[in-house]
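S.K.: The structure under discussion is supplied below as structure tokens; questions concerning it will follow.
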Amino acid sequence: MSSPTPAHQPQPQSDPALYESLNVHNVYSQIAPHFSQTRHKPWPLVSNFLLSQPPGSLGLDIGCGNGKYLDVNPAVYLLGSDRSPELIRLALEEGADRKSAVDGSKARGREVCVADGLALPFPAGRADFVISVAVVHHFSTRERRVEAVRRLLECVRGGGKVLVYVWALEQGSSRRGWDEGMEQDQLVPWVMRRNQPKKNKDRDRKEVEGEEGKEEKTFQRYYHLYRKGELEEDVVSAGGTVVDSGFERDNWWTVATRP
Amino acid sequence: MKVLTLNFLTCAVKACKSSSDSFPLHPKDAELVHDDVEVNAQLLTNLLHRLDWKALRTTATELGFPDLPETAPTQEDLENDEKTLKDLHNLLIETQMMEGKLVCGHCGHEYAVREGIANFLLPTHLV
Ligand SMILES: [Zn+2]
């Protein structure tokens with residue numbers, strides 16, 4: 001990394017959907033292959049949640065990205081959706097040479113589709129559980145974040161659990177340096193070398209960033225950084241009940257149910 | 001996209017969610033492929049109670065499969081009758097919709113399926 005990151009703060013928006021389209025969706029479209037290379041290791045808490053589901057459960061991974069959680073528990077049927085067609089394509093391609101989430105055999109890809117978090121194609125009350133990891137913080141107003149959580153809750157049956165993971169404001173120990181009391185709406189830079197080869201799974205991000213003599217391009221992604229207790233407030237506003245919650249690796253998480 | 005997945009998909013338009021006409025979505029110009037997948041009896045048995053059998057019957061008929069029985073097989077049926085298990089496995093797990101459209105019976109919107117991926121992003125007038 002070169003010079004210190006300048007403070008990027010988004011302006012108040014008259015059209016939040018358009019704003020997200022420019023500052024979230026368009027960015028993911030452009031960084032998808034690079035982003036995907038850096039997102040292969042499932043977070044333990046999410047994996048444990050998936051592994052705790054009874055065999056034969058129906059699950060949804062809303063905002064599944066490159067699908068890294070879809071194969072964690074082969075005994076459940078987990079469908080993935082994401083707003084980014086580019087990431088969904090990668091999820092399918094990368095799933096092709098892995099084991100099937102259905103039965104552990106080698107099979108054609110994973111079960112994924114392209115959908116917006118506020119217009120999901122899943123019937124209400126059918127899923128046994130839902131996960132949504134690093135997704136809700138990309139909605140740019142509180143109203144839309146609460147709506148997004150409401151849509152997640154609508155997907156599960158009564159008593160079904162929804163795991164939501166969002167980036168925390170309180171991450172004083174990380175290199176980003178955000179902490180309590182700071183501005184919560186941020187544009188966060190993503191640095192990508194130009195002409196990134198599409199497939200290069202073994203290379204990690206540090207190596208890529210460290211390569212010299214390559215032209216770099218910086219993209220800005222919008223995030224709402226959650227302060228302590230805010231995710232629980234959103235869940236309650238969305239009509240849900242908080243079952244469990246906590247902090248892990250610069251993220252707030254909560255497990256919620258609906259009545 | 002497996003036929004099993006079609007049993008868990010509906011129209012993305014909010015106003016359609018409350019209409020029974022929006023589920024299941026109706027395949028149109030569907031190109032199907034068959035994958036050989038080893039039978040996992042336990043998974044199928046466990047998933048049985050998650051299926052909407054009536055919707056599955058509709059989907060099976062629309063895709064040109066033989067009529068399914070009126071009521072879902074029980075766990076016992078699957079354990080004791082290998083043909084029932086194999087037929088269900090063939091339909092739900094091995095059959096994939098690769099190309100075509102999924103049509104909502106309520107609003108008529110057609111969602112494209114390309115290379116096995118359904119796209120549920122809505123045009124602005126439907127959001
Ligand atoms: Zn519809």
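Chain identifiers are assigned as A, B, and so on, following the order in which chains appear in the structure tokens; residues are numbered from 1 within each chain, and ligands are numbered from 1 in order of appearance.
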Please identify all polymer residues within 9 Å of segment 119-131 of chain A, counting only C-alpha atoms, omitting same-chain residues fewer than 3 positions from it, and present them as a PyMOL selection string.

M.R.: (chain A and resi 46+49-50+53+57-64+78+81+115-116+151-165) or (chain B and resi 8-14+17+23+50+120-122+127)

S.K.: Residues up to 7 Å from ligand 1, counting only C-alpha atoms and all ligand atoms: could you list those as a ChimeraX atom specification?

M.R.: /B:11-13,16,22,104-109

S.K.: Generate the output file for the selected residues, C-alpha atoms, as a short mmCIF file (atom, residue, chain, number, x, y, z; two decimals), in the first residue's frame.

M.R.:
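Okay, again20.cif is ready:
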```cif
data_model
loop_
_atom_site.label_atom_id
_atom_site.label_comp_id
_atom_site.auth_asym_id
_atom_site.auth_seq_id
_atom_site.Cartn_x
_atom_site.Cartn_y
_atom_site.Cartn_z
CA CYS B 11 -41.51 -14.71 -8.38
CA ALA B 12 -39.27 -11.90 -7.07
CA VAL B 13 -42.03 -9.30 -7.46
CA CYS B 16 -46.81 -11.68 -6.38
CA SER B 22 -46.75 -17.22 -8.45
CA CYS B 104 -44.64 -16.28 -13.10
CA GLY B 105 -48.26 -17.37 -13.35
CA HIS B 106 -49.42 -14.20 -11.60
CA CYS B 107 -47.63 -11.27 -13.28
CA GLY B 108 -46.40 -13.11 -16.37
CA HIS B 109 -42.81 -11.96 -15.92
#
```

S.K.: As an exercise, work out the distance from atom CA of Lys86 of chain B to atom CA of Asp52 of chain B in Å and give it to one decimal place.

M.R.: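 For atom CA of Lys86 of chain B relative to atom CA of Asp52 of chain B, the distance reads 18.8 Å.
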
S.K.: Excluding Pro27 of chain B and residues on its chain fewer than 5 positions from it, collect all residues at most 8 Å away from it, counting only C-alpha atoms, and give them as JSON, numbers by chain.

M.R.: {"B": [59, 62, 63, 100, 101, 102, 103]}

S.K.: Skipping near chain neighbours, those fewer than 4 positions away, what residues fall within 12 Å of Asp77 of chain B using only C-alpha atoms, listed as a list in words?

M.R.: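 Counting only C-alpha atoms, the residues come to Ala41, Leu44, Thr45, Leu48, Thr71, Ala72, Pro73, Asp81, Glu82, Lys83, Thr84, Leu85, Lys86 and Leu88 of chain B.
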
S.K.: Restricting it to all heavy atoms, dump the selection as a JSON list (two decimals), in the first residue's frame.

M.R.:
```json
[["chain", "number", "residue", "atom", "x", "y", "z"],
["B", 41, "ALA", "N", -29.74, -41.77, -0.57],
["B", 41, "ALA", "CA", -31.08, -42.07, -0.05],
["B", 41, "ALA", "C", -31.38, -41.24, 1.19],
["B", 41, "ALA", "O", -32.49, -40.74, 1.38],
["B", 41, "ALA", "CB", -31.19, -43.56, 0.26],
["B", 44, "LEU", "N", -32.28, -37.58, 0.32],
["B", 44, "LEU", "CA", -33.63, -37.49, -0.27],
["B", 44, "LEU", "C", -34.70, -37.71, 0.79],
["B", 44, "LEU", "O", -35.70, -36.99, 0.84],
["B", 44, "LEU", "CB", -33.78, -38.54, -1.38],
["B", 44, "LEU", "CG", -33.41, -38.09, -2.79],
["B", 44, "LEU", "CD1", -33.64, -39.23, -3.76],
["B", 44, "LEU", "CD2", -34.21, -36.87, -3.21],
["B", 45, "THR", "N", -34.48, -38.71, 1.60],
["B", 45, "THR", "CA", -35.45, -39.00, 2.66],
["B", 45, "THR", "C", -35.59, -37.82, 3.61],
["B", 45, "THR", "O", -36.69, -37.42, 3.98],
["B", 45, "THR", "CB", -35.00, -40.25, 3.46],
["B", 45, "THR", "OG1", -34.71, -41.29, 2.52],
["B", 45, "THR", "CG2", -36.07, -40.72, 4.41],
["B", 48, "LEU", "N", -37.51, -34.89, 2.07],
["B", 48, "LEU", "CA", -38.89, -35.17, 1.66],
["B", 48, "LEU", "C", -39.88, -34.20, 2.30],
["B", 48, "LEU", "O", -40.79, -33.67, 1.65],
["B", 48, "LEU", "CB", -39.23, -36.61, 2.04],
["B", 48, "LEU", "CG", -40.34, -37.32, 1.29],
["B", 48, "LEU", "CD1", -40.09, -37.29, -0.21],
["B", 48, "LEU", "CD2", -40.45, -38.76, 1.78],
["B", 71, "THR", "N", -50.07, -38.11, -3.87],
["B", 71, "THR", "CA", -49.50, -37.77, -2.57],
["B", 71, "THR", "C", -48.02, -38.16, -2.53],
["B", 71, "THR", "O", -47.59, -39.08, -3.22],
["B", 71, "THR", "CB", -50.22, -38.49, -1.42],
["B", 71, "THR", "OG1", -50.24, -39.88, -1.72],
["B", 71, "THR", "CG2", -51.64, -37.97, -1.26],
["B", 72, "ALA", "N", -47.28, -37.43, -1.72],
["B", 72, "ALA", "CA", -45.84, -37.68, -1.61],
["B", 72, "ALA", "C", -45.59, -39.06, -1.00],
["B", 72, "ALA", "O", -46.35, -39.51, -0.14],
["B", 72, "ALA", "CB", -45.21, -36.61, -0.73],
["B", 73, "PRO", "N", -44.52, -39.72, -1.45],
["B", 73, "PRO", "CA", -44.15, -40.98, -0.78],
["B", 73, "PRO", "C", -43.75, -40.70, 0.66],
["B", 73, "PRO", "O", -43.33, -39.59, 0.98],
["B", 73, "PRO", "CB", -42.97, -41.48, -1.61],
["B", 73, "PRO", "CG", -42.42, -40.27, -2.30],
["B", 73, "PRO", "CD", -43.58, -39.33, -2.49],
["B", 81, "ASP", "N", -38.93, -49.07, -1.39],
["B", 81, "ASP", "CA", -39.21, -49.16, -2.82],
["B", 81, "ASP", "C", -38.13, -48.44, -3.61],
["B", 81, "ASP", "O", -38.09, -47.22, -3.71],
["B", 81, "ASP", "CB", -40.59, -48.54, -3.09],
["B", 81, "ASP", "CG", -40.94, -48.57, -4.57],
["B", 81, "ASP", "OD1", -40.13, -49.08, -5.36],
["B", 81, "ASP", "OD2", -42.01, -48.06, -4.93],
["B", 82, "GLU", "N", -37.25, -49.27, -4.17],
["B", 82, "GLU", "CA", -36.09, -48.69, -4.84],
["B", 82, "GLU", "C", -36.47, -47.88, -6.06],
["B", 82, "GLU", "O", -35.83, -46.87, -6.38],
["B", 82, "GLU", "CB", -35.11, -49.80, -5.22],
["B", 82, "GLU", "CG", -33.69, -49.27, -5.36],
["B", 82, "GLU", "CD", -32.71, -50.38, -5.73],
["B", 82, "GLU", "OE1", -33.04, -51.56, -5.54],
["B", 82, "GLU", "OE2", -31.62, -50.04, -6.22],
["B", 83, "LYS", "N", -37.53, -48.30, -6.75],
["B", 83, "LYS", "CA", -37.92, -47.58, -7.97],
["B", 83, "LYS", "C", -38.39, -46.16, -7.64],
["B", 83, "LYS", "O", -38.01, -45.21, -8.31],
["B", 83, "LYS", "CB", -39.01, -48.36, -8.71],
["B", 83, "LYS", "CG", -39.32, -47.72, -10.06],
["B", 83, "LYS", "CD", -40.34, -48.47, -10.87],
["B", 83, "LYS", "CE", -40.58, -47.79, -12.23],
["B", 83, "LYS", "NZ", -40.97, -46.38, -12.13],
["B", 84, "THR", "N", -39.20, -46.03, -6.62],
["B", 84, "THR", "CA", -39.68, -44.71, -6.21],
["B", 84, "THR", "C", -38.50, -43.80, -5.89],
["B", 84, "THR", "O", -38.44, -42.64, -6.31],
["B", 84, "THR", "CB", -40.60, -44.83, -4.97],
["B", 84, "THR", "OG1", -41.65, -45.73, -5.29],
["B", 84, "THR", "CG2", -41.18, -43.49, -4.57],
["B", 85, "LEU", "N", -37.56, -44.35, -5.16],
["B", 85, "LEU", "CA", -36.37, -43.58, -4.78],
["B", 85, "LEU", "C", -35.58, -43.15, -6.01],
["B", 85, "LEU", "O", -35.20, -41.99, -6.15],
["B", 85, "LEU", "CB", -35.49, -44.42, -3.85],
["B", 85, "LEU", "CG", -34.19, -43.77, -3.38],
["B", 85, "LEU", "CD1", -34.47, -42.64, -2.41],
["B", 85, "LEU", "CD2", -33.27, -44.81, -2.72],
["B", 86, "LYS", "N", -35.38, -44.10, -6.92],
["B", 86, "LYS", "CA", -34.58, -43.80, -8.12],
["B", 86, "LYS", "C", -35.25, -42.78, -9.01],
["B", 86, "LYS", "O", -34.60, -41.88, -9.55],
["B", 86, "LYS", "CB", -34.32, -45.10, -8.91],
["B", 86, "LYS", "CG", -33.17, -45.91, -8.31],
["B", 86, "LYS", "CD", -32.32, -46.54, -9.42],
["B", 86, "LYS", "CE", -30.97, -46.96, -8.90],
["B", 86, "LYS", "NZ", -30.70, -48.39, -9.08],
["B", 88, "LEU", "N", -37.37, -40.48, -8.13],
["B", 88, "LEU", "CA", -37.32, -39.18, -7.47],
["B", 88, "LEU", "C", -35.92, -38.56, -7.58],
["B", 88, "LEU", "O", -35.75, -37.37, -7.84],
["B", 88, "LEU", "CB", -37.73, -39.36, -6.00],
["B", 88, "LEU", "CG", -38.39, -38.16, -5.31],
["B", 88, "LEU", "CD1", -39.56, -37.63, -6.10],
["B", 88, "LEU", "CD2", -38.86, -38.58, -3.91]]
```

S.K.: Point out the residue among A:Lys41, A:Arg221, A:Arg89, A:His138 with the least atom-to-atom distance to chain B, counting only C-alpha atoms.

M.R.: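 Using only C-alpha atoms, chain B sits closest to A:Arg89.
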
S.K.: Skipping near chain neighbours, those fewer than 2 positions away, what residues fall within 10 Å of Ser47 of chain A using only C-alpha atoms, listed as a PDB file with all heavy atoms, in the first residue's frame?

M.R.:
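out.pdb was written with the following content:
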```
ATOM      1  N   LYS A  41     -11.690 -18.821   2.436  1.00  0.00           N
ATOM      2  CA  LYS A  41     -11.669 -19.449   3.744  1.00  0.00           C
ATOM      3  C   LYS A  41     -12.953 -19.114   4.492  1.00  0.00           C
ATOM      4  O   LYS A  41     -13.201 -17.950   4.805  1.00  0.00           O
ATOM      5  CB  LYS A  41     -10.466 -18.902   4.522  1.00  0.00           C
ATOM      6  CG  LYS A  41      -9.779 -19.946   5.342  1.00  0.00           C
ATOM      7  CD  LYS A  41      -8.513 -19.400   5.936  1.00  0.00           C
ATOM      8  CE  LYS A  41      -8.048 -20.265   7.083  1.00  0.00           C
ATOM      9  NZ  LYS A  41      -6.890 -19.702   7.748  1.00  0.00           N
ATOM     10  N   PRO A  42     -13.778 -20.117   4.775  1.00  0.00           N
ATOM     11  CA  PRO A  42     -15.003 -19.830   5.525  1.00  0.00           C
ATOM     12  C   PRO A  42     -14.687 -19.361   6.940  1.00  0.00           C
ATOM     13  O   PRO A  42     -13.719 -19.818   7.546  1.00  0.00           O
ATOM     14  CB  PRO A  42     -15.712 -21.190   5.568  1.00  0.00           C
ATOM     15  CG  PRO A  42     -15.066 -22.028   4.531  1.00  0.00           C
ATOM     16  CD  PRO A  42     -13.654 -21.524   4.408  1.00  0.00           C
ATOM     17  N   TRP A  43     -15.479 -18.435   7.463  1.00  0.00           N
ATOM     18  CA  TRP A  43     -15.292 -18.021   8.836  1.00  0.00           C
ATOM     19  C   TRP A  43     -15.846 -19.096   9.775  1.00  0.00           C
ATOM     20  O   TRP A  43     -16.934 -19.621   9.538  1.00  0.00           O
ATOM     21  CB  TRP A  43     -15.992 -16.678   9.082  1.00  0.00           C
ATOM     22  CG  TRP A  43     -15.298 -15.554   8.403  1.00  0.00           C
ATOM     23  CD1 TRP A  43     -14.018 -15.556   7.942  1.00  0.00           C
ATOM     24  CD2 TRP A  43     -15.833 -14.262   8.089  1.00  0.00           C
ATOM     25  NE1 TRP A  43     -13.722 -14.337   7.367  1.00  0.00           N
ATOM     26  CE2 TRP A  43     -14.807 -13.533   7.450  1.00  0.00           C
ATOM     27  CE3 TRP A  43     -17.069 -13.655   8.302  1.00  0.00           C
ATOM     28  CZ2 TRP A  43     -14.999 -12.226   7.006  1.00  0.00           C
ATOM     29  CZ3 TRP A  43     -17.246 -12.355   7.865  1.00  0.00           C
ATOM     30  CH2 TRP A  43     -16.222 -11.651   7.229  1.00  0.00           C
ATOM     31  N   PRO A  44     -15.104 -19.409  10.831  1.00  0.00           N
ATOM     32  CA  PRO A  44     -15.474 -20.541  11.708  1.00  0.00           C
ATOM     33  C   PRO A  44     -16.891 -20.433  12.259  1.00  0.00           C
ATOM     34  O   PRO A  44     -17.619 -21.421  12.300  1.00  0.00           O
ATOM     35  CB  PRO A  44     -14.444 -20.453  12.843  1.00  0.00           C
ATOM     36  CG  PRO A  44     -13.295 -19.682  12.293  1.00  0.00           C
ATOM     37  CD  PRO A  44     -13.846 -18.763  11.249  1.00  0.00           C
ATOM     38  N   LEU A  45     -17.282 -19.239  12.653  1.00  0.00           N
ATOM     39  CA  LEU A  45     -18.607 -19.104  13.263  1.00  0.00           C
ATOM     40  C   LEU A  45     -19.714 -19.439  12.264  1.00  0.00           C
ATOM     41  O   LEU A  45     -20.705 -20.082  12.607  1.00  0.00           O
ATOM     42  CB  LEU A  45     -18.772 -17.669  13.773  1.00  0.00           C
ATOM     43  CG  LEU A  45     -19.864 -17.492  14.808  1.00  0.00           C
ATOM     44  CD1 LEU A  45     -19.336 -16.694  15.988  1.00  0.00           C
ATOM     45  CD2 LEU A  45     -21.096 -16.844  14.219  1.00  0.00           C
ATOM     46  N   PHE A  49     -22.281 -22.683  12.367  1.00  0.00           N
ATOM     47  CA  PHE A  49     -23.726 -22.510  12.227  1.00  0.00           C
ATOM     48  C   PHE A  49     -24.273 -23.474  11.166  1.00  0.00           C
ATOM     49  O   PHE A  49     -25.277 -24.156  11.382  1.00  0.00           O
ATOM     50  CB  PHE A  49     -24.036 -21.059  11.843  1.00  0.00           C
ATOM     51  CG  PHE A  49     -25.493 -20.757  11.644  1.00  0.00           C
ATOM     52  CD1 PHE A  49     -26.326 -20.502  12.732  1.00  0.00           C
ATOM     53  CD2 PHE A  49     -26.047 -20.720  10.364  1.00  0.00           C
ATOM     54  CE1 PHE A  49     -27.680 -20.223  12.551  1.00  0.00           C
ATOM     55  CE2 PHE A  49     -27.400 -20.439  10.174  1.00  0.00           C
ATOM     56  CZ  PHE A  49     -28.215 -20.186  11.274  1.00  0.00           C
ATOM     57  N   LEU A  50     -23.587 -23.558  10.044  1.00  0.00           N
ATOM     58  CA  LEU A  50     -24.031 -24.449   8.960  1.00  0.00           C
ATOM     59  C   LEU A  50     -23.968 -25.911   9.384  1.00  0.00           C
ATOM     60  O   LEU A  50     -24.877 -26.696   9.101  1.00  0.00           O
ATOM     61  CB  LEU A  50     -23.173 -24.233   7.706  1.00  0.00           C
ATOM     62  CG  LEU A  50     -23.345 -22.883   7.006  1.00  0.00           C
ATOM     63  CD1 LEU A  50     -22.289 -22.706   5.917  1.00  0.00           C
ATOM     64  CD2 LEU A  50     -24.749 -22.762   6.416  1.00  0.00           C
ATOM     65  N   LEU A  51     -22.885 -26.260  10.079  1.00  0.00           N
ATOM     66  CA  LEU A  51     -22.710 -27.664  10.478  1.00  0.00           C
ATOM     67  C   LEU A  51     -23.679 -28.068  11.584  1.00  0.00           C
ATOM     68  O   LEU A  51     -23.910 -29.261  11.805  1.00  0.00           O
ATOM     69  CB  LEU A  51     -21.256 -27.892  10.916  1.00  0.00           C
ATOM     70  CG  LEU A  51     -20.245 -27.831   9.767  1.00  0.00           C
ATOM     71  CD1 LEU A  51     -18.810 -27.759  10.291  1.00  0.00           C
ATOM     72  CD2 LEU A  51     -20.416 -29.033   8.838  1.00  0.00           C
ATOM     73  N   SER A  52     -24.247 -27.081  12.286  1.00  0.00           N
ATOM     74  CA  SER A  52     -25.184 -27.411  13.366  1.00  0.00           C
ATOM     75  C   SER A  52     -26.600 -27.664  12.843  1.00  0.00           C
ATOM     76  O   SER A  52     -27.486 -28.030  13.616  1.00  0.00           O
ATOM     77  CB  SER A  52     -25.222 -26.258  14.387  1.00  0.00           C
ATOM     78  OG  SER A  52     -25.923 -25.146  13.846  1.00  0.00           O
ATOM     79  N   TYR A  69     -19.451 -20.781   1.165  1.00  0.00           N
ATOM     80  CA  TYR A  69     -20.159 -21.508   2.229  1.00  0.00           C
ATOM     81  C   TYR A  69     -21.041 -22.638   1.711  1.00  0.00           C
ATOM     82  O   TYR A  69     -21.591 -23.407   2.480  1.00  0.00           O
ATOM     83  CB  TYR A  69     -21.009 -20.542   3.061  1.00  0.00           C
ATOM     84  CG  TYR A  69     -20.143 -19.615   3.870  1.00  0.00           C
ATOM     85  CD1 TYR A  69     -20.067 -18.259   3.581  1.00  0.00           C
ATOM     86  CD2 TYR A  69     -19.344 -20.120   4.900  1.00  0.00           C
ATOM     87  CE1 TYR A  69     -19.238 -17.420   4.305  1.00  0.00           C
ATOM     88  CE2 TYR A  69     -18.506 -19.298   5.621  1.00  0.00           C
ATOM     89  CZ  TYR A  69     -18.454 -17.949   5.323  1.00  0.00           C
ATOM     90  OH  TYR A  69     -17.623 -17.146   6.035  1.00  0.00           O
ATOM     91  N   LEU A  70     -21.207 -22.733   0.384  1.00  0.00           N
ATOM     92  CA  LEU A  70     -22.214 -23.649  -0.150  1.00  0.00           C
ATOM     93  C   LEU A  70     -21.858 -25.120   0.041  1.00  0.00           C
ATOM     94  O   LEU A  70     -22.732 -25.974   0.036  1.00  0.00           O
ATOM     95  CB  LEU A  70     -22.466 -23.346  -1.634  1.00  0.00           C
ATOM     96  CG  LEU A  70     -23.041 -21.945  -1.925  1.00  0.00           C
ATOM     97  CD1 LEU A  70     -23.233 -21.749  -3.417  1.00  0.00           C
ATOM     98  CD2 LEU A  70     -24.357 -21.720  -1.184  1.00  0.00           C
ATOM     99  N   ASP A  71     -20.588 -25.419   0.195  1.00  0.00           N
ATOM    100  CA  ASP A  71     -20.182 -26.824   0.315  1.00  0.00           C
ATOM    101  C   ASP A  71     -19.817 -27.241   1.745  1.00  0.00           C
ATOM    102  O   ASP A  71     -19.380 -28.357   1.965  1.00  0.00           O
ATOM    103  CB  ASP A  71     -18.955 -27.104  -0.566  1.00  0.00           C
ATOM    104  CG  ASP A  71     -19.093 -26.520  -1.965  1.00  0.00           C
ATOM    105  OD1 ASP A  71     -20.173 -26.719  -2.551  1.00  0.00           O
ATOM    106  OD2 ASP A  71     -18.152 -25.872  -2.435  1.00  0.00           O
ATOM    107  N   VAL A  72     -19.992 -26.329   2.695  1.00  0.00           N
ATOM    108  CA  VAL A  72     -19.516 -26.608   4.061  1.00  0.00           C
ATOM    109  C   VAL A  72     -20.217 -27.824   4.671  1.00  0.00           C
ATOM    110  O   VAL A  72     -19.572 -28.683   5.266  1.00  0.00           O
ATOM    111  CB  VAL A  72     -19.696 -25.363   4.967  1.00  0.00           C
ATOM    112  CG1 VAL A  72     -19.491 -25.730   6.434  1.00  0.00           C
ATOM    113  CG2 VAL A  72     -18.707 -24.264   4.563  1.00  0.00           C
ATOM    114  N   ASN A  73     -21.528 -27.893   4.516  1.00  0.00           N
ATOM    115  CA  ASN A  73     -22.272 -29.020   5.092  1.00  0.00           C
ATOM    116  C   ASN A  73     -23.040 -29.758   4.000  1.00  0.00           C
ATOM    117  O   ASN A  73     -24.122 -29.343   3.601  1.00  0.00           O
ATOM    118  CB  ASN A  73     -23.243 -28.513   6.164  1.00  0.00           C
ATOM    119  CG  ASN A  73     -23.990 -29.660   6.837  1.00  0.00           C
ATOM    120  OD1 ASN A  73     -23.845 -30.825   6.438  1.00  0.00           O
ATOM    121  ND2 ASN A  73     -24.784 -29.343   7.851  1.00  0.00           N
TER     122      ASN A  73
END
```

S.K.: When you count only C-alpha atoms, which of these residues is closest to chain A: B:Glu31, B:Glu79, B:Asp87, B:Glu94?

M.R.: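 Of all the options, B:Glu94 lies closest to chain A.
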
S.K.: If you run DSSP on the backbone here, which positions in segment 2-115 of chain B get alpha helix (DSSP H)? Please write them as a PyMOL selection string.

M.R.: chain B and resi 3-6+41-47+53-62+75-80+82-89

S.K.: Have a look at atom CA of Thr95 of chain B and atom CA of Gly64 of chain B and let me know their distance in Å, one decimal.

M.R.: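 That distance, rounded to one decimal, is 11.8 Å.
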
S.K.: Select, from A:Asn251, A:Thr141, A:Ser36, A:Ser132, the residue with the minimum atom-to-atom distance to Gly172 of chain A, counting only C-alpha atoms.

M.R.: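 Distance minimum relative to Gly172 of chain A lands on A:Asn251.
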
S.K.: In terms of the shortest atom-to-atom distance over only C-alpha atoms, which of B:Leu56, B:Gln75, B:Val37, B:Leu32 is closest to chain A?

M.R.: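 Closest to chain A of all the choices is B:Val37.
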
S.K.: Can you check which residues of chain B DSSP gives as strand (DSSP E) on the backbone and send them as a PyMOL selection string?

M.R.: chain B and resi 26-34+95-103+110-114+117-119
